[in-house]
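Report on one structure; see the data block that follows.
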Amino acid sequence: MSEVTDLRFFESSDGALAYRDTGGAGLPVVLLHAGFVDHTMWDEQIPVLAEEFRVIAPDARGHGRSANASRPFRQDDDLAELLRHLGVGPAALVGVSMGAMIAVATALEHPELVRALVVSGGGADEREFTDPWAGQAQRAAFQALAAGDIEAWHEVSDLWVHGRERPREAVRPEVYARLRAMRQRTIGKHAPGEPDHHVRVRDLAARAARITVPVLALNGAQDAPELRAMADSIADAAPRGRTAVIEDAAHFPNLDHPEEYTRTIAAFLHEVDRP
């Protein structure tokens, strides 16, 4: 697992942003975590991918050990600033959930920095849950946070880990423990009622046809249908897109089945990096 000593810090235009960088001369691969967690969700992927690629795994602003925002910001601009600071690009961006949305936004707003995309469980800014299970889970999470009931919020957040069709026991207990620790690190950085400075990049799905780099949508089959559809819509619209599924996985396929997930994205990255 990652240790604090593995982290580096980049002094951005609005505070220090934390990241890991394995170095090396291989294709740069940037791993972008989901909302409320941090770069340690990639602990299984980083050492394996680092055997062939330069792996960079940042904590998004306001998450993990990165600074909170003091003024309006866009997550894609933060990532672009980091990559330019490191002299890295174009890079393959691999994102889950919020990370998928950052990846797509960066491909559209900073295309010179992007070589390929892998998106799971998200990737567009428009999200309306019509599935009753997903809609109820989303509402319960918002209500728990609004009430300041962090324990209830953790419990509801765990629902996304196993999904609607699988029992909680379908996922290893350590996955829940790791995600809870990540969420706690992030939520502990914020105060109730503080301003939300995040500015979303709009119309991602509508503009996805402009993404000319290879795109892989790699979803867990047990994830919410709307979230799977978001990732698939990016791959379907992009001229060089494709889709794949990890059957016995939900919103965090890299944690559900780390070996299969890593093997699948590595094969895709080999194609991208082929002369």
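In the structure tokens, each chain is lettered A, B, ... as it comes, each chain's residues begin at 1, and ligands are numbered from 1 in order of appearance.
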
Return as JSON lines the residues of stretch 115-225 of chain A lying at most 10 Å from stretch 245-267 of chain A, together with the closest atom-to-atom pair for each and the distance in Å to one decimal, counting only C-alpha atoms, with rows in chain order and ascending residue number.
{"residue": "A:Leu117", "atom": "CA", "partner": "A:Ile265", "partner_atom": "CA", "distance": 9.9}
{"residue": "A:Val118", "atom": "CA", "partner": "A:Ile265", "partner_atom": "CA", "distance": 7.4}
{"residue": "A:Ser120", "atom": "CA", "partner": "A:His251", "partner_atom": "CA", "distance": 7.8}
{"residue": "A:Gly121", "atom": "CA", "partner": "A:His251", "partner_atom": "CA", "distance": 5.9}
{"residue": "A:Gly122", "atom": "CA", "partner": "A:His251", "partner_atom": "CA", "distance": 9.3}
{"residue": "A:Leu159", "atom": "CA", "partner": "A:His251", "partner_atom": "CA", "distance": 9.5}
{"residue": "A:Trp160", "atom": "CA", "partner": "A:His251", "partner_atom": "CA", "distance": 5.9}
{"residue": "A:Val161", "atom": "CA", "partner": "A:His251", "partner_atom": "CA", "distance": 5.8}
{"residue": "A:His162", "atom": "CA", "partner": "A:Ala250", "partner_atom": "CA", "distance": 5.7}
{"residue": "A:Gly163", "atom": "CA", "partner": "A:Ala250", "partner_atom": "CA", "distance": 5.5}
{"residue": "A:Arg164", "atom": "CA", "partner": "A:Ala250", "partner_atom": "CA", "distance": 8.7}
{"residue": "A:Glu165", "atom": "CA", "partner": "A:Ala250", "partner_atom": "CA", "distance": 9.4}
{"residue": "A:Arg166", "atom": "CA", "partner": "A:Asp248", "partner_atom": "CA", "distance": 8.8}
{"residue": "A:Ala170", "atom": "CA", "partner": "A:Asp248", "partner_atom": "CA", "distance": 8.8}
{"residue": "A:Val171", "atom": "CA", "partner": "A:Asp256", "partner_atom": "CA", "distance": 6.6}
{"residue": "A:Arg172", "atom": "CA", "partner": "A:Asp256", "partner_atom": "CA", "distance": 7.9}
{"residue": "A:Glu174", "atom": "CA", "partner": "A:Leu255", "partner_atom": "CA", "distance": 9.8}
{"residue": "A:Val175", "atom": "CA", "partner": "A:Leu255", "partner_atom": "CA", "distance": 6.7}
{"residue": "A:Tyr176", "atom": "CA", "partner": "A:Leu255", "partner_atom": "CA", "distance": 9.7}
{"residue": "A:Arg178", "atom": "CA", "partner": "A:Leu255", "partner_atom": "CA", "distance": 9.8}
{"residue": "A:Leu179", "atom": "CA", "partner": "A:Leu255", "partner_atom": "CA", "distance": 9.6}
{"residue": "A:Leu216", "atom": "CA", "partner": "A:Ile265", "partner_atom": "CA", "distance": 8.3}
{"residue": "A:Ala217", "atom": "CA", "partner": "A:Val245", "partner_atom": "CA", "distance": 8.1}
{"residue": "A:Leu218", "atom": "CA", "partner": "A:Val245", "partner_atom": "CA", "distance": 5.5}
{"residue": "A:Asn219", "atom": "CA", "partner": "A:Val245", "partner_atom": "CA", "distance": 5.0}
{"residue": "A:Gly220", "atom": "CA", "partner": "A:Ala249", "partner_atom": "CA", "distance": 4.5}
{"residue": "A:Ala221", "atom": "CA", "partner": "A:Glu247", "partner_atom": "CA", "distance": 4.9}
{"residue": "A:Gln222", "atom": "CA", "partner": "A:Ala250", "partner_atom": "CA", "distance": 4.3}
{"residue": "A:Asp223", "atom": "CA", "partner": "A:Ala250", "partner_atom": "CA", "distance": 4.1}
{"residue": "A:Ala224", "atom": "CA", "partner": "A:His251", "partner_atom": "CA", "distance": 7.6}

Kindly export the residues of the current selection with N, CA and C atoms, as a CSV table (one decimal), in the first residue's frame.
chain,number,residue,atom,x,y,z
A,117,LEU,N,-7.5,7.4,-23.5
A,117,LEU,CA,-8.4,7.5,-22.4
A,117,LEU,C,-8.9,6.1,-22.0
A,118,VAL,N,-9.0,5.8,-20.7
A,118,VAL,CA,-9.7,4.7,-20.2
A,118,VAL,C,-10.7,5.2,-19.1
A,120,SER,N,-14.2,4.5,-16.6
A,120,SER,CA,-15.1,3.5,-16.0
A,120,SER,C,-16.1,4.2,-15.1
A,121,GLY,N,-17.4,3.8,-15.2
A,121,GLY,CA,-18.4,4.3,-14.3
A,121,GLY,C,-18.6,5.8,-14.3
A,122,GLY,N,-18.5,6.4,-15.5
A,122,GLY,CA,-18.7,7.9,-15.6
A,122,GLY,C,-18.0,8.4,-16.9
A,159,LEU,N,-22.8,1.0,-0.7
A,159,LEU,CA,-23.8,0.3,-1.6
A,159,LEU,C,-23.2,0.3,-3.1
A,160,TRP,N,-22.5,1.4,-3.4
A,160,TRP,CA,-21.9,1.5,-4.8
A,160,TRP,C,-20.8,0.5,-5.0
A,161,VAL,N,-20.2,0.0,-3.9
A,161,VAL,CA,-19.1,-0.9,-4.0
A,161,VAL,C,-19.6,-2.3,-4.5
A,162,HIS,N,-20.7,-2.8,-4.0
A,162,HIS,CA,-21.2,-4.1,-4.4
A,162,HIS,C,-22.3,-4.0,-5.5
A,163,GLY,N,-23.0,-2.8,-5.5
A,163,GLY,CA,-24.0,-2.7,-6.6
A,163,GLY,C,-25.4,-3.3,-6.1
A,164,ARG,N,-26.3,-3.1,-7.0
A,164,ARG,CA,-27.7,-3.5,-6.8
A,164,ARG,C,-27.9,-5.0,-6.7
A,165,GLU,N,-27.3,-5.7,-7.6
A,165,GLU,CA,-27.6,-7.2,-7.7
A,165,GLU,C,-26.8,-8.1,-6.8
A,166,ARG,N,-25.7,-7.6,-6.3
A,166,ARG,CA,-24.8,-8.4,-5.5
A,166,ARG,C,-25.0,-8.1,-4.0
A,170,ALA,N,-20.2,-10.1,-1.5
A,170,ALA,CA,-19.6,-10.4,-2.8
A,170,ALA,C,-18.2,-9.6,-2.9
A,171,VAL,N,-18.0,-8.6,-2.1
A,171,VAL,CA,-16.8,-7.8,-2.2
A,171,VAL,C,-15.9,-8.1,-0.9
A,172,ARG,N,-14.6,-8.2,-1.1
A,172,ARG,CA,-13.8,-8.5,0.0
A,172,ARG,C,-13.9,-7.4,1.1
A,174,GLU,N,-11.7,-6.0,3.0
A,174,GLU,CA,-10.7,-5.0,3.0
A,174,GLU,C,-10.9,-3.9,2.0
A,175,VAL,N,-11.7,-4.1,0.9
A,175,VAL,CA,-12.1,-3.1,0.0
A,175,VAL,C,-12.9,-2.0,0.6
A,176,TYR,N,-13.9,-2.5,1.4
A,176,TYR,CA,-14.8,-1.5,2.1
A,176,TYR,C,-13.9,-0.7,3.1
A,178,ARG,N,-10.7,0.0,3.0
A,178,ARG,CA,-9.8,1.0,2.4
A,178,ARG,C,-10.6,2.2,1.9
A,179,LEU,N,-11.8,1.9,1.3
A,179,LEU,CA,-12.6,3.0,0.7
A,179,LEU,C,-13.0,3.9,1.9
A,216,LEU,N,-11.1,3.7,-24.3
A,216,LEU,CA,-11.7,2.4,-23.8
A,216,LEU,C,-12.6,2.7,-22.7
A,217,ALA,N,-13.9,2.3,-22.8
A,217,ALA,CA,-14.8,2.3,-21.7
A,217,ALA,C,-14.8,1.0,-21.0
A,218,LEU,N,-14.4,0.9,-19.8
A,218,LEU,CA,-14.2,-0.4,-19.1
A,218,LEU,C,-15.1,-0.4,-17.8
A,219,ASN,N,-16.3,-0.9,-17.9
A,219,ASN,CA,-17.2,-0.8,-16.8
A,219,ASN,C,-17.4,-2.1,-16.1
A,220,GLY,N,-17.8,-2.0,-14.8
A,220,GLY,CA,-18.2,-3.1,-14.0
A,220,GLY,C,-19.7,-3.4,-14.4
A,221,ALA,N,-20.0,-4.6,-14.7
A,221,ALA,CA,-21.3,-5.0,-15.1
A,221,ALA,C,-22.4,-4.7,-14.1
A,222,GLN,N,-22.0,-4.7,-12.8
A,222,GLN,CA,-22.9,-4.5,-11.7
A,222,GLN,C,-23.1,-3.0,-11.3
A,223,ASP,N,-22.4,-2.1,-12.0
A,223,ASP,CA,-22.5,-0.7,-11.7
A,223,ASP,C,-23.9,-0.2,-12.2
A,224,ALA,N,-24.3,1.0,-11.7
A,224,ALA,CA,-25.6,1.6,-12.0
A,224,ALA,C,-25.6,1.8,-13.6

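Near A:Gln75, within a cut-off of 9 Å and counting only C-alpha atoms, sit the residues A:Ala60, A:Arg61, A:Ile102, A:Ala105, A:Thr106, A:His198, A:Val199, A:Arg200, A:Val201, with same-chain residues fewer than 6 positions away left out.
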
| field | Residue set, stretch 59-265 of chain A restricted to alpha helix (DSSP H), as a PyMOL selection string | value | chain A and resi 75-86+98-109+132-146+150-162+173-187+204-207+225-237+253-256+258-265

Correct to one decimal, the distance atom CA of A:Ala144-atom CA of A:Ser70 is 25.0 Å

To one decimal place in Å, what is the distance between atom CA of A:Ser157 and atom CA of A:Ala134?
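Atom CA of A:Ser157 sits 11.1 Å away from atom CA of A:Ala134.
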
Q | Spatial neighbours of A:Val215, 8 Å, only C-alpha atoms, chain gap at least 5 places, as a ChimeraX atom specification | A | /A:116-119,234-235,238,240-242

> Between atom CA of A:Glu226 and atom CA of A:Asp59, what is the distance, to one decimal in Å?
Replying inline: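 Here the two named atoms are 25.5 Å from each other.
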
- Message: Among stretch 54-231 of chain A, which ones does DSSP assign to strand (DSSP E or B) (computed from the backbone)? Answer as JSON, numbers by chain.
- Response: {"A": [54, 55, 56, 57, 58, 73, 91, 92, 93, 94, 95, 96, 114, 115, 116, 117, 118, 119, 120, 198, 215, 216, 217, 218, 219, 220]}

Please, could you write that set of residues out with N, CA and C atoms as a PDB file, in the first residue's frame?
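Result file is result_4.pdb:
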ATOM      1  N   ARG A  54       5.436   4.985 -17.085  1.00  0.00           N
ATOM      2  CA  ARG A  54       5.613   5.995 -16.043  1.00  0.00           C
ATOM      3  C   ARG A  54       4.235   6.286 -15.463  1.00  0.00           C
ATOM      4  N   VAL A  55       4.026   5.959 -14.223  1.00  0.00           N
ATOM      5  CA  VAL A  55       2.707   6.064 -13.617  1.00  0.00           C
ATOM      6  C   VAL A  55       2.659   7.284 -12.700  1.00  0.00           C
ATOM      7  N   ILE A  56       1.647   8.109 -12.902  1.00  0.00           N
ATOM      8  CA  ILE A  56       1.415   9.298 -12.094  1.00  0.00           C
ATOM      9  C   ILE A  56       0.015   9.184 -11.507  1.00  0.00           C
ATOM     10  N   ALA A  57      -0.091   9.345 -10.184  1.00  0.00           N
ATOM     11  CA  ALA A  57      -1.390   9.187  -9.520  1.00  0.00           C
ATOM     12  C   ALA A  57      -1.599  10.358  -8.562  1.00  0.00           C
ATOM     13  N   PRO A  58      -2.343  11.375  -8.984  1.00  0.00           N
ATOM     14  CA  PRO A  58      -2.554  12.546  -8.127  1.00  0.00           C
ATOM     15  C   PRO A  58      -3.757  12.398  -7.209  1.00  0.00           C
ATOM     16  N   PHE A  73     -12.127  26.749  -9.485  1.00  0.00           N
ATOM     17  CA  PHE A  73     -11.127  25.958 -10.213  1.00  0.00           C
ATOM     18  C   PHE A  73     -11.823  24.890 -11.037  1.00  0.00           C
ATOM     19  N   ALA A  91      -0.205  11.975 -22.392  1.00  0.00           N
ATOM     20  CA  ALA A  91      -0.290  10.859 -21.458  1.00  0.00           C
ATOM     21  C   ALA A  91      -1.602  10.111 -21.645  1.00  0.00           C
ATOM     22  N   ALA A  92      -1.598   8.836 -21.273  1.00  0.00           N
ATOM     23  CA  ALA A  92      -2.837   8.062 -21.208  1.00  0.00           C
ATOM     24  C   ALA A  92      -3.494   8.344 -19.863  1.00  0.00           C
ATOM     25  N   LEU A  93      -4.764   8.737 -19.891  1.00  0.00           N
ATOM     26  CA  LEU A  93      -5.500   9.051 -18.676  1.00  0.00           C
ATOM     27  C   LEU A  93      -6.475   7.923 -18.364  1.00  0.00           C
ATOM     28  N   VAL A  94      -6.403   7.396 -17.156  1.00  0.00           N
ATOM     29  CA  VAL A  94      -7.249   6.290 -16.717  1.00  0.00           C
ATOM     30  C   VAL A  94      -8.059   6.782 -15.527  1.00  0.00           C
ATOM     31  N   GLY A  95      -9.393   6.824 -15.663  1.00  0.00           N
ATOM     32  CA  GLY A  95     -10.206   7.385 -14.604  1.00  0.00           C
ATOM     33  C   GLY A  95     -11.426   6.558 -14.278  1.00  0.00           C
ATOM     34  N   VAL A  96     -11.775   6.527 -12.990  1.00  0.00           N
ATOM     35  CA  VAL A  96     -12.990   5.875 -12.515  1.00  0.00           C
ATOM     36  C   VAL A  96     -13.902   6.939 -11.926  1.00  0.00           C
ATOM     37  N   VAL A 114      -3.040  14.644 -24.041  1.00  0.00           N
ATOM     38  CA  VAL A 114      -3.708  13.347 -23.903  1.00  0.00           C
ATOM     39  C   VAL A 114      -3.381  12.436 -25.078  1.00  0.00           C
ATOM     40  N   ARG A 115      -2.982  11.210 -24.747  1.00  0.00           N
ATOM     41  CA  ARG A 115      -2.647  10.187 -25.749  1.00  0.00           C
ATOM     42  C   ARG A 115      -3.748   9.139 -25.875  1.00  0.00           C
ATOM     43  N   ALA A 116      -4.452   8.873 -24.781  1.00  0.00           N
ATOM     44  CA  ALA A 116      -5.516   7.857 -24.783  1.00  0.00           C
ATOM     45  C   ALA A 116      -6.336   8.019 -23.512  1.00  0.00           C
ATOM     46  N   LEU A 117      -7.539   7.425 -23.504  1.00  0.00           N
ATOM     47  CA  LEU A 117      -8.428   7.483 -22.354  1.00  0.00           C
ATOM     48  C   LEU A 117      -8.936   6.088 -21.999  1.00  0.00           C
ATOM     49  N   VAL A 118      -9.010   5.812 -20.692  1.00  0.00           N
ATOM     50  CA  VAL A 118      -9.749   4.666 -20.171  1.00  0.00           C
ATOM     51  C   VAL A 118     -10.725   5.223 -19.146  1.00  0.00           C
ATOM     52  N   VAL A 119     -12.025   4.998 -19.353  1.00  0.00           N
ATOM     53  CA  VAL A 119     -13.035   5.559 -18.456  1.00  0.00           C
ATOM     54  C   VAL A 119     -13.935   4.443 -17.932  1.00  0.00           C
ATOM     55  N   SER A 120     -14.245   4.526 -16.636  1.00  0.00           N
ATOM     56  CA  SER A 120     -15.095   3.532 -15.982  1.00  0.00           C
ATOM     57  C   SER A 120     -16.115   4.243 -15.110  1.00  0.00           C
ATOM     58  N   HIS A 198     -15.659  24.212  -7.044  1.00  0.00           N
ATOM     59  CA  HIS A 198     -15.433  23.422  -8.260  1.00  0.00           C
ATOM     60  C   HIS A 198     -16.322  23.903  -9.402  1.00  0.00           C
ATOM     61  N   VAL A 215     -10.028   5.438 -27.088  1.00  0.00           N
ATOM     62  CA  VAL A 215     -10.822   5.470 -25.858  1.00  0.00           C
ATOM     63  C   VAL A 215     -11.308   4.059 -25.539  1.00  0.00           C
ATOM     64  N   LEU A 216     -11.131   3.654 -24.294  1.00  0.00           N
ATOM     65  CA  LEU A 216     -11.689   2.393 -23.809  1.00  0.00           C
ATOM     66  C   LEU A 216     -12.626   2.697 -22.650  1.00  0.00           C
ATOM     67  N   ALA A 217     -13.897   2.303 -22.794  1.00  0.00           N
ATOM     68  CA  ALA A 217     -14.845   2.337 -21.679  1.00  0.00           C
ATOM     69  C   ALA A 217     -14.828   0.958 -21.035  1.00  0.00           C
ATOM     70  N   LEU A 218     -14.386   0.900 -19.785  1.00  0.00           N
ATOM     71  CA  LEU A 218     -14.216  -0.378 -19.096  1.00  0.00           C
ATOM     72  C   LEU A 218     -15.067  -0.354 -17.832  1.00  0.00           C
ATOM     73  N   ASN A 219     -16.275  -0.876 -17.928  1.00  0.00           N
ATOM     74  CA  ASN A 219     -17.238  -0.789 -16.837  1.00  0.00           C
ATOM     75  C   ASN A 219     -17.353  -2.094 -16.058  1.00  0.00           C
ATOM     76  N   GLY A 220     -17.758  -1.960 -14.788  1.00  0.00           N
ATOM     77  CA  GLY A 220     -18.204  -3.112 -14.033  1.00  0.00           C
ATOM     78  C   GLY A 220     -19.654  -3.401 -14.388  1.00  0.00           C
TER      79      GLY A 220
END

For A:Leu86, the closest of A:Phe36, A:Phe9, A:Phe268, A:Phe53 counting only C-alpha atoms is A:Phe9

query = Hey, what's within 9 Å of A:Glu109 if we count only C-alpha atoms and toss same-chain stuff fewer than 5 positions away? As a list of chain:residue names, please?
reply =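 Selected residues are A:Asp76, A:Asp77, A:Val104, A:Val201.
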
Produce a file of the selected residues containing C-alpha atoms, as a short mmCIF file (atom, residue, chain, number, x, y, z; two decimals), in the first residue's frame.
data_model
loop_
_atom_site.label_atom_id
_atom_site.label_comp_id
_atom_site.auth_asym_id
_atom_site.auth_seq_id
_atom_site.Cartn_x
_atom_site.Cartn_y
_atom_site.Cartn_z
CA ASP A 76 -8.90 19.42 -15.75
CA ASP A 77 -6.91 22.65 -15.37
CA VAL A 104 -12.71 13.35 -20.64
CA VAL A 201 -16.68 21.46 -17.66
#

**Report entry** Distance query stretch 183-196 of chain A at most 6 Å, only C-alpha atoms, self and fewer than 6 positions along chain excluded, as an NGL selection string
**Finding:** :A and (36-37 or 63-64)

Emit the selected residues as a JSON list (two decimals), in the first residue's frame, including all heavy atoms.
[["chain", "number", "residue", "atom", "x", "y", "z"],
["A", 36, "PHE", "N", -14.40, 11.68, -3.53],
["A", 36, "PHE", "CA", -14.33, 11.48, -2.09],
["A", 36, "PHE", "C", -13.23, 10.51, -1.67],
["A", 36, "PHE", "O", -13.01, 10.33, -0.47],
["A", 36, "PHE", "CB", -15.66, 11.02, -1.50],
["A", 36, "PHE", "CG", -16.70, 12.09, -1.44],
["A", 36, "PHE", "CD1", -17.77, 12.09, -2.34],
["A", 36, "PHE", "CD2", -16.62, 13.11, -0.51],
["A", 36, "PHE", "CE1", -18.73, 13.09, -2.30],
["A", 36, "PHE", "CE2", -17.58, 14.11, -0.46],
["A", 36, "PHE", "CZ", -18.64, 14.10, -1.35],
["A", 37, "VAL", "N", -12.52, 9.88, -2.61],
["A", 37, "VAL", "CA", -11.43, 8.99, -2.23],
["A", 37, "VAL", "C", -10.10, 9.64, -2.64],
["A", 37, "VAL", "O", -10.00, 10.86, -2.71],
["A", 37, "VAL", "CB", -11.63, 7.57, -2.79],
["A", 37, "VAL", "CG1", -12.89, 6.96, -2.21],
["A", 37, "VAL", "CG2", -11.71, 7.53, -4.31],
["A", 63, "HIS", "N", -9.18, 16.55, -2.10],
["A", 63, "HIS", "CA", -9.24, 15.12, -1.80],
["A", 63, "HIS", "C", -7.89, 14.67, -1.22],
["A", 63, "HIS", "O", -6.84, 15.23, -1.55],
["A", 63, "HIS", "CB", -9.53, 14.31, -3.06],
["A", 63, "HIS", "CG", -10.89, 14.51, -3.63],
["A", 63, "HIS", "ND1", -11.28, 15.70, -4.22],
["A", 63, "HIS", "CD2", -11.97, 13.68, -3.70],
["A", 63, "HIS", "CE1", -12.54, 15.57, -4.64],
["A", 63, "HIS", "NE2", -12.98, 14.37, -4.33],
["A", 64, "GLY", "N", -7.94, 13.60, -0.42],
["A", 64, "GLY", "CA", -6.71, 13.02, 0.09],
["A", 64, "GLY", "C", -5.83, 14.06, 0.77],
["A", 64, "GLY", "O", -6.25, 14.77, 1.68]]

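Among the candidates A:Gly62, A:Val29, A:Ala34, A:Glu44, the residue lying nearest to A:Val272 is A:Val29 (atoms considered: only C-alpha atoms).
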